[in-house]
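Visitor: Before I ask anything, here is the structure I am working with.
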Amino acid sequence: MFRRVGRRRLSAGGGLGVGNVRGTREQLLQEGGVGSVVAPWFVASPASIAMVGAPQQFGQPLAGTHRGPELLRRAGVREMLGSLGWRVIDAGDVDMSLGSSRSGVIAGSRNLFERARAFHEEGRLVLSVGGDHSIALGSVGAALAARPETRVLWVDAHADVNTPETSPTGNMHGMPLAYLLGLAADERLDWISDLLAPDRLAYVALRDVDAAERPVLRALRDRGAFVSTMHEVDQWGIGAVMDRALRALGYADDDRPPPLHLSYDIDAIDPQFASATGTVVRGGLTFREAHYVCEAVWATR
């Protein structure tokens, strides 16, 4: 149920929209420049995004993930966000060059946690740019610490609920949710332990789950987590998957929905469209499906 490695058939003329995606219909019709965006209720006015670089590479064994913040800045992410009406605060990078040991990864994540939490508490929308997915210890932890009612949408090929005892590799990028959910304990991570309740977590796009994680996912689902894989994307379509995921998290017709944190791992996307990952797994989200996830999240505000 929790493993899918085959690639889905993609039509060459099927309207993947490569290069043409600019946002939702509302964004396409939006008038005005910086400051014109209609932000979520928990974002202070004027609406601003605090972009925090998290150049972590020691949560896994391959070099290069630390260049993510640099490369996205070079590609114009700040200008793109500004064009959507946001005021952009580029907070630079936090120090994550603290060694390849577990202690070093934890210390770097604590640096991100403190920086991101401060921006959350100021009423900013925080964009943490990795870096490998161990940064979720700090990014998701900060969102939950600042706003405990926050829900978490986890878009990833992997479940990331391994513990040091169950992980086949020992890599920290496969463990952040285990610590956030209180499934693993480490006194060095007592600042995030058990911050997240299962019924405030939704998975989308899983397809490469370790054997030891499967019973954990079943238990989380029994405790209220929404758990979906690429099988459901194939069966229902990404629109229906996102509708179900967001409804499970409490986003229906509510004038004041709870804050939502999107934790998006690049390997959720099929490597045909996003190959710059060290954990390549075929059969992921298409270009349009990957964008739709973000569009559906934006609509929750």
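Every chain in the structure tokens takes a letter, A first, then B, and so on in the order presented; its residues are numbered from 1, and the ligands are numbered from 1 following the presented order.
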Using only C-alpha atoms, find each residue of stretch 153-190 of chain A with at least one atom at most 12 Å away from an atom of stretch 287-293 of chain A; report its shortest atom-to-atom pair and that distance in Å (one decimal), sort the rows by chain and rising residue number, and return the result as a tab-separated table.
Guide:
residue	atom	partner	partner_atom	distance
A:Leu153	CA	A:Val293	CA	9.8
A:Trp154	CA	A:Val293	CA	10.7
A:Val155	CA	A:Val293	CA	8.5
A:Asp156	CA	A:Ala290	CA	10.8
Visitor: For the residues selected in the previous step, produce a file with all heavy atoms as an mmCIF file, in the first residue's frame.
Guide:
data_model
loop_
_atom_site.group_PDB
_atom_site.id
_atom_site.type_symbol
_atom_site.label_atom_id
_atom_site.label_comp_id
_atom_site.auth_asym_id
_atom_site.auth_seq_id
_atom_site.Cartn_x
_atom_site.Cartn_y
_atom_site.Cartn_z
ATOM 1 N N LEU A 153 0.832 20.020 6.475
ATOM 2 C CA LEU A 153 0.665 19.252 5.245
ATOM 3 C C LEU A 153 2.049 18.809 4.791
ATOM 4 O O LEU A 153 2.897 19.645 4.478
ATOM 5 C CB LEU A 153 -0.009 20.104 4.175
ATOM 6 C CG LEU A 153 -0.237 19.423 2.825
ATOM 7 C CD1 LEU A 153 -1.232 18.272 2.949
ATOM 8 C CD2 LEU A 153 -0.724 20.431 1.779
ATOM 9 N N TRP A 154 2.263 17.498 4.759
ATOM 10 C CA TRP A 154 3.582 16.922 4.466
ATOM 11 C C TRP A 154 3.539 16.326 3.057
ATOM 12 O O TRP A 154 2.903 15.305 2.825
ATOM 13 C CB TRP A 154 3.903 15.852 5.498
ATOM 14 C CG TRP A 154 5.336 15.431 5.553
ATOM 15 C CD1 TRP A 154 5.927 14.419 4.851
ATOM 16 C CD2 TRP A 154 6.364 16.001 6.378
ATOM 17 N NE1 TRP A 154 7.259 14.331 5.175
ATOM 18 C CE2 TRP A 154 7.548 15.291 6.115
ATOM 19 C CE3 TRP A 154 6.387 17.046 7.307
ATOM 20 C CZ2 TRP A 154 8.749 15.583 6.762
ATOM 21 C CZ3 TRP A 154 7.578 17.340 7.942
ATOM 22 C CH2 TRP A 154 8.742 16.617 7.671
ATOM 23 N N VAL A 155 4.193 16.996 2.108
ATOM 24 C CA VAL A 155 4.200 16.556 0.714
ATOM 25 C C VAL A 155 5.589 16.006 0.420
ATOM 26 O O VAL A 155 6.570 16.746 0.369
ATOM 27 C CB VAL A 155 3.847 17.728 -0.225
ATOM 28 C CG1 VAL A 155 3.777 17.254 -1.678
ATOM 29 C CG2 VAL A 155 2.530 18.363 0.191
ATOM 30 N N ASP A 156 5.671 14.687 0.221
ATOM 31 C CA ASP A 156 6.967 14.020 0.247
ATOM 32 C C ASP A 156 6.806 12.613 -0.316
ATOM 33 O O ASP A 156 5.760 11.986 -0.143
ATOM 34 C CB ASP A 156 7.436 13.947 1.712
ATOM 35 C CG ASP A 156 8.927 13.660 1.879
ATOM 36 O OD1 ASP A 156 9.530 13.069 0.969
ATOM 37 O OD2 ASP A 156 9.464 14.014 2.948
#
Visitor: Could you please write out, as a VMD selection string, every residue of stretch 171-247 of chain A that DSSP assigns to alpha helix (DSSP H)?
Guide: chain A and resid 176 to 180 213 to 222 230 to 236 238 to 247
Visitor: Of the candidates A:Arg115, A:His133, A:His231, A:Arg74, which one gets nearest to A:Asp160 if we count only C-alpha atoms?
Guide: A:His133
Visitor: Just how far from atom CA of A:Leu249 is atom CA of A:Ser228, in Å to one decimal?
Guide: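 Computed distance, atom CA of A:Ser228 to atom CA of A:Leu249, equals 13.3 Å.
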Visitor: Have a look at A:Leu217, A:Leu246, A:Ala178, A:Met96 and name the one nearest to A:Arg67; count only C-alpha atoms.
Guide: A:Met96
Visitor: So, counting only C-alpha atoms, which residue among A:Ala145, A:Leu220, A:Ala268, A:Met242 is closest to A:Ala299?
Guide: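 Using only C-alpha atoms, the shortest distance to A:Ala299 belongs to A:Met242.
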Visitor: Check the smallest atom-to-atom distance from each of A:Ser48, A:Thr286, A:Asn171, A:Thr150 to A:Arg102 using only C-alpha atoms, then report the winner.
Guide: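 Of the candidates, the smallest distance to A:Arg102 is held by A:Asn171.
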Visitor: Taking only stretch 192-270 of chain A into account, list the residues labelled strand (DSSP E or B) by DSSP (computed from the backbone), as a ChimeraX atom specification.
Guide: /A:201-206,208,226-229,260-264,269
Visitor: Please measure the separation of atom CA of A:Ile135 and atom CA of A:Gln56, giving the value in Å to one decimal.
Guide: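 Going from atom CA of A:Ile135 over to atom CA of A:Gln56 covers 6.9 Å.
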